Protein chains: 2
Amino acid sequence: MTPRRSNAAIIIDDVARAAGISTATVSRAFSRPHMLRPETVALVRKLADQLGYQPNPAARALSTGRQGNIAIVLPDIANPFFPPLLRAAQAAADAAGYSVFLGDSDENSTREARLIGKLTMQVEGFILASSRMTNRKIVELGERQPVVLINRDIPGLPRVLIDPAKGIGAAVEHLSQLGHKNIAYVSGPAASWSNQQREYAVEKSCAKHKLRLRTLPIGHPDFESGREITEKVLALKRVTAVITFDDSVAHGLLAGLAERGIDVPRALSVIGCDDVLGASTYPALTSVSARCDEAGRLAFELLHKSLNDEGGDDIRSVLDTWLVARGTTGPARID
Amino acid sequence: MTPRRSNAAIIIDDVARAAGISTATVSRAFSRPHMLRPETVALVRKLADQLGYQPNPAARALSTGRQGNIAIVLPDIANPFFPPLLRAAQAAADAAGYSVFLGDSDENSTREARLIGKLTMQVEGFILASSRMTNRKIVELGERQPVVLINRDIPGLPRVLIDPAKGIGAAVEHLSQLGHKNIAYVSGPAASWSNQQREYAVEKSCAKHKLRLRTLPIGHPDFESGREITEKVLALKRVTAVITFDDSVAHGLLAGLAERGIDVPRALSVIGCDDVLGASTYPALTSVSARCDEAGRLAFELLHKSLNDEGGDDIRSVLDTWLVARGTTGPARID
DNA sequence: TATCACTGTGCAAGCGCTTGCATGCTACAC
DNA sequence: GTGTAGCATGCAAGCGCTTGCACAGTGATA
């Protein structure tokens, strides 16, 4: 067979020939410089630069089994919780020399599994943020390849968890102090670990402070659903405060309330989760805050350790949350 | 040399052996099924499924020079303009069988160039959204590999442009009709094509409607900068309306105004650009709207055509904008 | 029956890199 | 002078796949 491509692409042989040495040495100048005489390394580096040589990652991957890539898979980039996380994770990965694949599963576990399947052979590991897959599937994946979870608590797999307990505890206490007796929780996707945690934390805190709690389910956690749930929230006559699964939903709810002329916080207090909207709503949203960028950074760090076989046993990194009280919470109205 | 890895990984030989045929035939069963007897294809498919065989992309890439990957590079995922775009582009790419690399340049052209360099050999093409690199660099890249631009107008390269003219024209007309005579434009990054277009459109429309225009520069276009610019906006005594580079900035400005008790729109009208915040501010933001998800989808489509050598000559796909008037615009105050 | 054009498969080279082992060399000790 | 270590480099196989070409079978045509 004759060569198929005769691109202008510079390959290792070109550099080797230019330097009058073997390709092995050129290769080592990049991957194991300490094995070579410093002058040799310098020469190769110079020539490579000059010729514009870049090692072909496919060839390298084929030979070594390492691709220098990772993948981040998440349910919905448009959810404002993820961009900061993604940004931080990609920045950390980049700094460590990795390139990152992005997979958006659109909140769909089948699609998520398909995406992962398509990427497995091209990446050294995965960061799964708010995965919608079953534990079993995730564990299976984890047996074949390094995986770090964000907001999913599966023993045995390294994971970064944003624990809403503290923040939600503070939120409920805040409401209790303001005189609220009946509150509602607008819950997120059932398959979401975060939602389970948040719901549980709300329940527990309400019990502690002796508040009555009603729960309202929602489909896709976004602005629209928040807006649409408004009617149902208002139908809960005695409820004077609402905690929502996330800020988007709170945002939608605020919009729905504004449309109906309901005064926030006088008639109803609203608290979001994630605190990703900053103070950018009006009134500024009281929210349970967390460093989600930190979660992204940390997740990559754990993955990086995994890749270098430094994965300690059963790492479970928990990030705390806290309440940021702004303008959407106030004293309970008196009926 | 002996084999380095003896993974449990199934390779093409395993399938070939199981089927009692050559690897060539197995390979063709995937890439050129029409060359084979249908029964052969079926057999191979069945066995491959059974064994869990997946072609190694690195080997394939090495052999064919095609990776099945593309990259999307953008200045800041945390900017709400990008997630919908990215989402749509990745969905389209996925549907066409491509996986996507993500690069966040952090608004930095050097970093952008570095990211691109790192990815070139792993992708078949690039989507550059709001690139911060110089025309020269981009053209150079385009000569070496398929590139589609979003919001960057370089003749010869396929590009998707969101043309603000119509929407901004409508915005200025809207303000003019409301009796505004003096308006301000809070501008974005100087290197941004979008900003240039928007600034130009504002100037032109103001001239047409005989409005006086002041321009205020801003650094990183985000919520914080918007908030910080408030003082300067208020210092422009006669200005009764402001158009901002994007929604984030408008958002920040609204927050800044609210903090100072300035009534929007009674004391000052505000118009954003991109319309990515929905009606989620209060008052709901009047904004120049565009289908940014459509831009993402379209960009991939153009890239896909490029990759299949169907790139027409000098494709320049322009998406229109329009004004969505909401609550932040009203009659000019009378000083 | 011999010839010819297909068709479906197999052979084996080659994609560009890494790396185990061999080799040549220098330097030092005996 | 010989032996021996140790260092820097080269040789060549192999990573898993694709694909040009060769080749064997088949049926149609002469």
# chains A, B, ... in the order shown; residues from 1 in each chain; ligands from 1
$ residues_around --residues "region 19-29 of chain D" --least-positions-apart "3" --cutoff "10 Å" --atoms "only C-alpha atoms (C1' of nucleotides)" --output "PyMOL selection string"
(chain A and resi 1-2+4) or (chain B and resi 24+27-28+63-64) or (chain C and resi 3-11+13-14)
$ select_by_dssp --residues "region 60-295 of chain A" --states "strand (DSSP E or B)" --output "NGL selection string"
:A and (69-74 or 99-104 or 125-129 or 147-150 or 159-162 or 182-186 or 212-216 or 241-244 or 269-274 or 286-289)
$ write_last_selection --atoms "N, CA and C atoms" --output "compact mmCIF listing (two decimals), in the first residue's frame"
# COMPACT_ATOMS: atom_id res chain seq x y z
N ASN A 69 -7.28 13.45 27.28
CA ASN A 69 -8.61 14.07 27.23
C ASN A 69 -9.46 13.59 28.40
N ILE A 70 -10.35 14.45 28.83
CA ILE A 70 -11.39 14.01 29.76
C ILE A 70 -12.73 14.51 29.22
N ALA A 71 -13.79 14.02 29.81
CA ALA A 71 -15.11 14.47 29.39
C ALA A 71 -15.90 14.94 30.59
N ILE A 72 -16.65 15.98 30.38
CA ILE A 72 -17.58 16.44 31.40
C ILE A 72 -18.99 16.27 30.85
N VAL A 73 -19.78 15.54 31.58
CA VAL A 73 -21.14 15.29 31.11
C VAL A 73 -22.12 15.88 32.13
N LEU A 74 -23.08 16.61 31.63
CA LEU A 74 -24.05 17.24 32.52
C LEU A 74 -25.42 17.31 31.86
N SER A 99 -7.44 18.19 27.52
CA SER A 99 -8.49 18.84 26.76
C SER A 99 -9.81 18.22 27.20
N VAL A 100 -10.88 18.99 27.05
CA VAL A 100 -12.13 18.46 27.57
C VAL A 100 -13.25 18.38 26.55
N PHE A 101 -13.87 17.21 26.56
CA PHE A 101 -15.08 16.98 25.78
C PHE A 101 -16.27 17.42 26.62
N LEU A 102 -17.26 17.95 25.93
CA LEU A 102 -18.47 18.32 26.63
C LEU A 102 -19.63 17.47 26.16
N GLY A 103 -20.41 16.97 27.10
CA GLY A 103 -21.63 16.24 26.74
C GLY A 103 -22.82 16.79 27.48
N ASP A 104 -23.82 17.17 26.73
CA ASP A 104 -25.06 17.66 27.34
C ASP A 104 -26.12 16.59 27.14
N GLY A 125 -10.96 9.76 31.49
CA GLY A 125 -11.86 9.75 32.62
C GLY A 125 -13.03 10.69 32.43
N PHE A 126 -14.00 10.55 33.30
CA PHE A 126 -15.22 11.34 33.20
C PHE A 126 -15.48 12.15 34.47
N ILE A 127 -16.03 13.33 34.26
CA ILE A 127 -16.67 14.03 35.36
C ILE A 127 -18.16 14.03 35.04
N LEU A 128 -18.91 13.42 35.93
CA LEU A 128 -20.36 13.35 35.73
C LEU A 128 -21.03 14.30 36.70
N ALA A 129 -21.57 15.37 36.17
CA ALA A 129 -22.23 16.34 37.05
C ALA A 129 -23.72 16.09 37.04
N VAL A 147 -13.88 7.84 37.18
CA VAL A 147 -15.07 8.68 37.14
C VAL A 147 -15.11 9.51 38.41
N VAL A 148 -15.42 10.77 38.27
CA VAL A 148 -15.67 11.60 39.44
C VAL A 148 -17.09 12.13 39.33
N LEU A 149 -17.80 12.04 40.42
CA LEU A 149 -19.19 12.48 40.45
C LEU A 149 -19.32 13.85 41.08
N ILE A 150 -20.23 14.62 40.56
CA ILE A 150 -20.60 15.85 41.25
C ILE A 150 -22.08 15.74 41.61
N ARG A 159 -16.24 11.67 44.73
CA ARG A 159 -17.38 12.53 44.43
C ARG A 159 -17.27 13.85 45.15
N VAL A 160 -17.81 14.85 44.53
CA VAL A 160 -17.86 16.17 45.13
C VAL A 160 -19.32 16.48 45.39
N LEU A 161 -19.63 16.73 46.63
CA LEU A 161 -21.03 16.94 46.97
C LEU A 161 -21.23 18.34 47.51
N ILE A 162 -22.26 18.94 47.04
CA ILE A 162 -22.64 20.22 47.62
C ILE A 162 -23.76 19.92 48.60
N ASN A 182 -46.07 28.14 57.76
CA ASN A 182 -46.39 27.20 56.68
C ASN A 182 -45.54 27.52 55.46
N ILE A 183 -44.73 26.59 55.06
CA ILE A 183 -43.92 26.88 53.89
C ILE A 183 -44.06 25.75 52.88
N ALA A 184 -43.61 26.04 51.66
CA ALA A 184 -43.69 25.04 50.60
C ALA A 184 -42.31 24.84 49.99
N TYR A 185 -42.08 23.61 49.51
CA TYR A 185 -40.86 23.33 48.76
C TYR A 185 -41.25 22.93 47.35
N VAL A 186 -40.74 23.65 46.39
CA VAL A 186 -40.98 23.29 44.99
C VAL A 186 -39.82 22.41 44.56
N ARG A 212 -44.98 23.74 59.14
CA ARG A 212 -45.70 22.80 58.28
C ARG A 212 -45.19 22.94 56.87
N LEU A 213 -44.97 21.81 56.24
CA LEU A 213 -44.35 21.82 54.90
C LEU A 213 -45.24 21.17 53.86
N ARG A 214 -45.36 21.81 52.73
CA ARG A 214 -46.04 21.22 51.57
C ARG A 214 -45.02 21.11 50.46
N THR A 215 -45.14 20.05 49.67
CA THR A 215 -44.19 19.90 48.57
C THR A 215 -44.90 19.87 47.23
N LEU A 216 -44.33 20.60 46.29
CA LEU A 216 -44.89 20.70 44.95
C LEU A 216 -43.86 20.18 43.96
N ALA A 241 -44.29 31.22 52.59
CA ALA A 241 -42.92 31.24 52.09
C ALA A 241 -42.65 29.99 51.26
N VAL A 242 -41.81 30.16 50.25
CA VAL A 242 -41.51 29.06 49.35
C VAL A 242 -40.01 28.91 49.19
N ILE A 243 -39.55 27.69 49.27
CA ILE A 243 -38.17 27.39 48.92
C ILE A 243 -38.21 26.59 47.63
N THR A 244 -37.42 26.97 46.66
CA THR A 244 -37.47 26.24 45.39
C THR A 244 -36.22 25.42 45.18
N SER A 269 -42.74 35.04 50.72
CA SER A 269 -41.28 35.04 50.69
C SER A 269 -40.80 33.93 49.77
N VAL A 270 -39.69 34.18 49.09
CA VAL A 270 -39.17 33.19 48.16
C VAL A 270 -37.67 33.00 48.39
N ILE A 271 -37.26 31.74 48.43
CA ILE A 271 -35.83 31.43 48.58
C ILE A 271 -35.42 30.46 47.49
N GLY A 272 -34.34 30.77 46.80
CA GLY A 272 -33.84 29.89 45.76
C GLY A 272 -32.70 29.02 46.27
N CYS A 273 -32.15 28.24 45.37
CA CYS A 273 -30.97 27.45 45.70
C CYS A 273 -29.94 27.58 44.58
N ASP A 274 -28.69 27.59 44.95
CA ASP A 274 -27.52 27.66 44.08
C ASP A 274 -26.90 29.05 44.05
N THR A 286 -33.16 35.96 47.72
CA THR A 286 -32.55 35.27 48.85
C THR A 286 -32.29 33.83 48.39
N SER A 287 -31.07 33.35 48.62
CA SER A 287 -30.76 32.04 48.05
C SER A 287 -29.74 31.28 48.88
N VAL A 288 -29.78 29.97 48.73
CA VAL A 288 -28.80 29.12 49.39
C VAL A 288 -27.60 29.02 48.47
N SER A 289 -26.48 29.50 48.95
CA SER A 289 -25.33 29.70 48.10
C SER A 289 -24.29 28.60 48.25
$ calpha_fit_and_write --fixed "chain A" --moving "chain B" --output "short mmCIF file (atom, residue, chain, number, x, y, z; two decimals) with C-alpha atoms, in the first residue's frame"
data_model
loop_
_atom_site.label_atom_id
_atom_site.label_comp_id
_atom_site.auth_asym_id
_atom_site.auth_seq_id
_atom_site.Cartn_x
_atom_site.Cartn_y
_atom_site.Cartn_z
CA MET B 1 -0.11 -0.05 0.21
CA THR B 2 1.03 3.43 -0.58
CA PRO B 3 0.72 6.33 1.81
CA ARG B 4 -2.75 7.73 1.79
CA ARG B 5 -2.02 11.24 2.84
CA SER B 6 0.83 13.43 1.82
CA ASN B 7 -0.19 16.44 3.87
CA ALA B 8 2.25 19.17 4.55
CA ALA B 9 1.97 17.98 8.13
CA ILE B 10 5.32 17.70 9.86
CA ILE B 11 5.90 14.36 11.47
CA ILE B 12 8.45 12.99 13.83
CA ASP B 13 10.66 11.68 11.02
CA ASP B 14 11.04 15.16 9.62
CA VAL B 15 12.39 16.38 12.90
CA ALA B 16 14.58 13.34 13.33
CA ARG B 17 16.06 13.76 9.88
CA ALA B 18 16.63 17.47 10.42
CA ALA B 19 18.46 16.73 13.64
CA GLY B 20 20.31 13.76 12.23
CA ILE B 21 19.06 11.47 14.96
CA SER B 22 16.50 8.72 15.35
CA THR B 23 12.80 9.22 15.90
CA ALA B 24 13.15 7.46 19.21
CA THR B 25 15.31 10.27 20.46
CA VAL B 26 12.95 12.91 19.19
CA SER B 27 10.11 11.17 20.91
CA ARG B 28 12.04 11.02 24.15
CA ALA B 29 12.99 14.65 23.92
CA PHE B 30 9.32 15.33 24.53
CA SER B 31 8.19 12.60 26.83
CA ARG B 32 11.35 11.70 28.77
CA PRO B 33 13.80 14.57 28.41
CA HIS B 34 15.77 13.48 31.48
CA MET B 35 16.92 10.41 29.58
CA LEU B 36 18.75 12.54 27.06
CA ARG B 37 21.72 14.84 26.98
CA PRO B 38 20.46 18.38 27.60
CA GLU B 39 21.97 19.55 24.32
CA THR B 40 20.06 16.89 22.43
CA VAL B 41 16.82 17.96 24.02
CA ALA B 42 17.52 21.58 23.23
CA LEU B 43 18.32 20.78 19.63
CA VAL B 44 15.17 18.77 19.13
CA ARG B 45 13.05 21.40 20.78
CA LYS B 46 14.53 24.08 18.59
CA LEU B 47 14.06 22.14 15.39
CA ALA B 48 10.55 21.09 16.33
CA ASP B 49 9.63 24.70 16.96
CA GLN B 50 11.22 25.76 13.75
CA LEU B 51 9.44 23.18 11.66
CA GLY B 52 6.20 23.60 13.53
CA TYR B 53 6.13 20.02 14.65
CA GLN B 54 3.34 18.87 16.93
CA PRO B 55 3.08 15.24 18.00
CA ASN B 56 0.03 13.57 16.55
CA PRO B 57 -2.26 12.84 19.50
CA ALA B 58 -3.97 9.95 17.77
CA ALA B 59 -0.69 8.18 17.15
CA ARG B 60 0.41 8.87 20.65
CA ALA B 61 -2.87 7.69 22.09
CA LEU B 62 -2.74 4.54 20.03
CA SER B 63 0.71 3.79 21.23
CA THR B 64 0.36 4.70 24.87
CA GLY B 65 -3.30 4.29 25.54
CA ARG B 66 -3.46 7.76 27.03
CA GLN B 67 -5.31 10.49 25.22
CA GLY B 68 -4.83 13.57 27.36
CA ASN B 69 -8.57 14.15 27.25
CA ILE B 70 -11.34 14.09 29.77
CA ALA B 71 -15.07 14.55 29.41
CA ILE B 72 -17.55 16.53 31.41
CA VAL B 73 -21.11 15.38 31.12
CA LEU B 74 -24.02 17.33 32.52
CA PRO B 75 -27.77 17.48 32.12
CA ASP B 76 -28.22 20.99 30.78
CA ILE B 77 -25.66 23.70 30.14
CA ALA B 78 -28.40 26.25 29.93
CA ASN B 79 -29.06 25.74 33.62
CA PRO B 80 -27.09 28.58 35.20
CA PHE B 81 -25.70 26.29 37.85
CA PHE B 82 -23.42 24.59 35.37
CA PRO B 83 -21.53 27.23 33.42
CA PRO B 84 -19.39 28.38 36.35
CA LEU B 85 -18.72 24.79 37.27
CA LEU B 86 -17.84 23.86 33.72
CA ARG B 87 -15.66 26.90 33.35
CA ALA B 88 -13.66 26.13 36.45
CA ALA B 89 -13.31 22.47 35.59
CA GLN B 90 -12.17 23.19 32.06
CA ALA B 91 -9.70 25.80 33.27
CA ALA B 92 -8.20 23.35 35.74
CA ALA B 93 -8.06 20.60 33.14
CA ASP B 94 -6.42 22.90 30.66
CA ALA B 95 -3.82 23.94 33.21
CA ALA B 96 -3.00 20.28 33.76
CA GLY B 97 -2.60 19.72 30.03
CA TYR B 98 -5.91 18.02 29.38
CA SER B 99 -8.45 18.91 26.77
CA VAL B 100 -12.09 18.53 27.59
CA PHE B 101 -15.04 17.04 25.79
CA LEU B 102 -18.44 18.39 26.63
CA GLY B 103 -21.58 16.31 26.75
CA ASP B 104 -25.03 17.74 27.35
CA SER B 105 -27.47 14.96 28.12
CA ASP B 106 -30.54 17.16 28.01
CA GLU B 107 -31.70 15.69 31.34
CA ASN B 108 -32.01 12.32 29.67
CA SER B 109 -30.30 9.26 31.08
CA THR B 110 -30.36 7.31 27.83
CA ARG B 111 -28.76 10.13 25.98
CA GLU B 112 -26.26 10.49 28.77
CA ALA B 113 -25.29 6.84 28.50
CA ARG B 114 -24.96 7.13 24.75
CA LEU B 115 -22.74 10.19 25.01
CA ILE B 116 -20.54 8.46 27.51
CA GLY B 117 -20.29 5.41 25.32
CA LYS B 118 -19.23 7.53 22.41
CA LEU B 119 -16.55 9.22 24.43
CA THR B 120 -15.12 6.39 26.53
CA MET B 121 -12.38 5.42 24.15
CA GLN B 122 -11.30 9.00 23.65
CA VAL B 123 -10.96 10.07 27.26
CA GLU B 124 -9.02 9.02 30.29
CA GLY B 125 -11.83 9.83 32.65
CA PHE B 126 -15.18 11.43 33.23
CA ILE B 127 -16.64 14.14 35.37
CA LEU B 128 -20.33 13.45 35.73
CA ALA B 129 -22.20 16.43 37.06
CA SER B 130 -25.68 15.78 38.37
CA SER B 131 -25.85 12.55 36.46
CA ARG B 132 -29.29 11.23 35.64
CA MET B 133 -28.14 7.65 35.21
CA THR B 134 -28.84 4.86 37.65
CA ASN B 135 -26.32 4.01 40.33
CA ARG B 136 -25.73 0.68 38.69
CA LYS B 137 -24.77 2.22 35.37
CA ILE B 138 -22.49 4.68 37.04
CA VAL B 139 -20.76 2.05 39.10
CA GLU B 140 -20.27 -0.06 36.00
CA LEU B 141 -18.68 2.86 34.25
CA GLY B 142 -16.52 3.55 37.27
CA GLU B 143 -15.19 0.04 37.14
CA ARG B 144 -13.94 0.55 33.64
CA GLN B 145 -12.57 4.03 33.91
CA PRO B 146 -11.90 6.85 36.34
CA VAL B 147 -15.03 8.78 37.17
CA VAL B 148 -15.65 11.71 39.46
CA LEU B 149 -19.17 12.58 40.45
CA ILE B 150 -20.59 15.95 41.26
CA ASN B 151 -23.75 16.00 43.32
CA ARG B 152 -24.18 12.30 43.36
CA ASP B 153 -23.28 10.24 46.35
CA ILE B 154 -22.13 6.77 45.43
CA PRO B 155 -19.76 5.13 47.91
CA GLY B 156 -16.56 3.98 46.31
CA LEU B 157 -16.48 6.64 43.65
CA PRO B 158 -14.72 9.95 44.22
CA ARG B 159 -17.36 12.64 44.45
CA VAL B 160 -17.85 16.28 45.13
CA LEU B 161 -21.02 17.04 46.97
CA ILE B 162 -22.66 20.31 47.60
CA ASP B 163 -24.38 19.68 50.88
CA PRO B 164 -27.47 21.82 51.15
CA ALA B 165 -28.13 20.95 54.81
CA LYS B 166 -26.48 23.93 56.40
CA GLY B 167 -27.79 26.48 53.94
CA ILE B 168 -31.28 25.09 53.92
CA GLY B 169 -31.22 24.79 57.67
CA ALA B 170 -30.36 28.45 57.84
CA ALA B 171 -33.06 29.26 55.32
CA VAL B 172 -35.75 27.49 57.28
CA GLU B 173 -34.55 29.02 60.52
CA HIS B 174 -34.58 32.41 58.85
CA LEU B 175 -38.18 31.86 57.80
CA SER B 176 -39.13 30.57 61.22
CA GLN B 177 -37.69 33.64 62.85
CA LEU B 178 -39.69 35.77 60.47
CA GLY B 179 -42.80 34.12 61.81
CA HIS B 180 -43.59 31.72 58.98
CA LYS B 181 -45.49 28.60 60.01
CA ASN B 182 -46.47 27.07 56.69
CA ILE B 183 -43.98 26.77 53.90
CA ALA B 184 -43.74 24.97 50.59
CA TYR B 185 -40.90 23.29 48.74
CA VAL B 186 -41.01 23.28 44.97
CA SER B 187 -39.02 20.18 44.12
CA GLY B 188 -36.81 19.40 41.13
CA PRO B 189 -36.17 16.30 39.01
CA ALA B 190 -36.83 13.10 40.94
CA ALA B 191 -33.65 11.51 39.60
CA SER B 192 -31.58 14.36 40.93
CA TRP B 193 -29.48 13.69 43.98
CA SER B 194 -29.47 17.39 44.71
CA ASN B 195 -33.20 17.46 44.79
CA GLN B 196 -33.36 14.52 47.14
CA GLN B 197 -30.88 16.17 49.45
CA ARG B 198 -32.64 19.47 49.36
CA GLU B 199 -36.04 18.00 49.89
CA TYR B 200 -34.74 15.96 52.78
CA ALA B 201 -33.01 18.96 54.33
CA VAL B 202 -36.15 21.04 54.07
CA GLU B 203 -38.21 18.30 55.69
CA LYS B 204 -35.77 17.85 58.50
CA SER B 205 -35.41 21.53 59.21
CA CYS B 206 -39.15 22.06 59.13
CA ALA B 207 -39.59 19.28 61.63
CA LYS B 208 -36.98 20.87 63.84
CA HIS B 209 -38.62 24.25 63.74
CA LYS B 210 -42.12 22.83 63.80
CA LEU B 211 -43.17 24.29 60.48
CA ARG B 212 -45.76 22.67 58.26
CA LEU B 213 -44.40 21.70 54.88
CA ARG B 214 -46.08 21.13 51.54
CA THR B 215 -44.21 19.84 48.54
CA LEU B 216 -44.92 20.67 44.91
CA PRO B 217 -43.26 18.68 42.14
CA ILE B 218 -41.99 20.26 38.97
CA GLY B 219 -40.76 18.86 35.67
CA HIS B 220 -37.75 20.37 33.99
CA PRO B 221 -36.28 22.79 36.51
CA ASP B 222 -36.26 26.05 34.64
CA PHE B 223 -37.71 29.50 34.50
CA GLU B 224 -40.83 28.46 32.63
CA SER B 225 -41.74 25.69 35.05
CA GLY B 226 -41.28 28.11 37.88
CA ARG B 227 -43.65 30.51 36.29
CA GLU B 228 -46.18 27.80 35.63
CA ILE B 229 -46.15 26.55 39.19
CA THR B 230 -47.27 29.93 40.50
CA GLU B 231 -50.97 29.03 40.41
CA LYS B 232 -50.40 25.92 42.43
CA VAL B 233 -48.29 27.73 44.96
CA LEU B 234 -50.97 30.33 45.45
CA ALA B 235 -53.54 27.60 45.86
CA LEU B 236 -51.82 26.56 49.06
CA LYS B 237 -53.72 29.09 51.10
CA ARG B 238 -51.81 29.07 54.35
CA VAL B 239 -48.36 28.92 52.84
CA THR B 240 -46.46 32.17 53.37
CA ALA B 241 -43.02 31.16 52.14
CA VAL B 242 -41.60 29.01 49.37
CA ILE B 243 -38.24 27.37 48.93
CA THR B 244 -37.54 26.25 45.39
CA PHE B 245 -35.27 23.56 44.00
CA ASP B 246 -33.09 26.13 42.30
CA ASP B 247 -32.75 29.75 41.36
CA SER B 248 -34.22 29.38 37.91
CA VAL B 249 -37.42 28.05 39.36
CA ALA B 250 -37.46 30.78 41.99
CA HIS B 251 -36.95 33.27 39.23
CA GLY B 252 -39.86 31.95 37.27
CA LEU B 253 -41.97 31.96 40.37
CA LEU B 254 -41.08 35.58 41.07
CA ALA B 255 -42.10 36.46 37.54
CA GLY B 256 -45.38 34.60 37.94
CA LEU B 257 -46.07 36.39 41.19
CA ALA B 258 -45.22 39.78 39.74
CA GLU B 259 -47.63 39.16 36.87
CA ARG B 260 -50.40 38.56 39.37
CA GLY B 261 -49.48 41.60 41.38
CA ILE B 262 -48.47 39.53 44.39
CA ASP B 263 -46.08 41.49 46.54
CA VAL B 264 -42.83 39.73 47.39
CA PRO B 265 -41.91 39.45 50.22
CA ARG B 266 -44.95 41.02 51.84
CA ALA B 267 -47.45 38.45 50.63
CA LEU B 268 -45.04 35.61 50.01
CA SER B 269 -41.40 34.97 50.77
CA VAL B 270 -39.27 33.15 48.22
CA ILE B 271 -35.93 31.42 48.62
CA GLY B 272 -33.92 29.92 45.79
CA CYS B 273 -31.02 27.48 45.71
CA ASP B 274 -27.57 27.73 44.08
CA ASP B 275 -27.34 31.50 44.21
CA VAL B 276 -26.28 31.69 40.61
CA LEU B 277 -28.30 34.70 39.67
CA GLY B 278 -26.42 37.03 41.92
CA ALA B 279 -28.47 39.91 43.15
CA SER B 280 -29.83 40.28 39.68
CA THR B 281 -33.51 39.74 40.32
CA TYR B 282 -35.86 42.21 41.80
CA PRO B 283 -36.37 41.98 44.62
CA ALA B 284 -32.92 40.47 44.96
CA LEU B 285 -33.35 36.76 45.53
CA THR B 286 -32.65 35.26 48.92
CA SER B 287 -30.84 32.06 48.09
CA VAL B 288 -28.86 29.14 49.41
CA SER B 289 -25.39 29.76 48.13
CA ALA B 290 -22.50 27.47 47.23
CA ARG B 291 -19.22 27.73 45.42
CA CYS B 292 -20.18 25.84 42.32
CA ASP B 293 -17.02 26.89 40.50
CA GLU B 294 -15.08 25.37 43.38
CA ALA B 295 -17.00 22.14 42.84
CA GLY B 296 -15.82 22.07 39.24
CA ARG B 297 -12.23 22.75 40.12
CA LEU B 298 -12.23 20.17 42.86
CA ALA B 299 -13.83 17.56 40.65
CA PHE B 300 -11.06 17.88 38.15
CA GLU B 301 -8.48 17.72 40.86
CA LEU B 302 -9.91 14.45 42.10
CA LEU B 303 -10.02 13.08 38.60
CA HIS B 304 -6.45 14.11 38.04
CA LYS B 305 -5.41 12.24 41.15
CA SER B 306 -7.36 9.22 40.02
CA LEU B 307 -5.56 9.29 36.70
CA ASN B 308 -2.24 9.27 38.48
CA ASP B 309 -3.28 6.46 40.79
CA GLU B 310 -3.26 8.74 43.74
CA GLY B 311 -6.92 8.22 44.38
CA GLY B 312 -7.24 7.80 48.12
CA ASP B 313 -9.89 5.44 49.33
CA ASP B 314 -13.44 6.56 48.92
CA ILE B 315 -13.01 10.28 48.58
CA ARG B 316 -16.09 12.24 49.46
CA SER B 317 -15.50 15.92 49.24
CA VAL B 318 -18.28 17.98 50.71
CA LEU B 319 -18.79 21.65 50.06
CA ASP B 320 -20.85 23.65 52.44
CA THR B 321 -23.72 25.96 51.68
CA TRP B 322 -24.95 29.03 53.42
CA LEU B 323 -27.85 31.40 53.25
CA VAL B 324 -27.64 34.74 51.55
CA ALA B 325 -30.61 36.73 52.71
CA ARG B 326 -31.67 39.40 50.28
CA GLY B 327 -34.93 40.98 49.37
CA THR B 328 -37.36 38.14 48.71
CA THR B 329 -37.81 37.12 52.32
CA GLY B 330 -39.65 39.05 54.97
CA PRO B 331 -42.05 38.65 57.89
CA ALA B 332 -44.91 36.24 57.37
CA ARG B 333 -48.12 37.91 56.33
CA ILE B 334 -50.96 37.64 58.77
CA ASP B 335 -54.06 36.14 57.21
#
$ atom_distance --atom1 "C1' of DA27 (chain C)" --atom2 "C1' of DC7 (chain D)"
10.6 Å
$ residues_around --residues "DC28 (chain C)" --least-positions-apart "3" --cutoff "12 Å" --atoms "only C-alpha atoms (C1' of nucleotides)" --output "PyMOL selection string"
chain D and resi 3-6
$ interface_residues --of "chain D" --to "chain A" --cutoff "8 Å" --atoms "only C-alpha atoms (C1' of nucleotides)" --output "VMD selection string"
chain D and resid 8 to 10 15 to 16 20 to 21
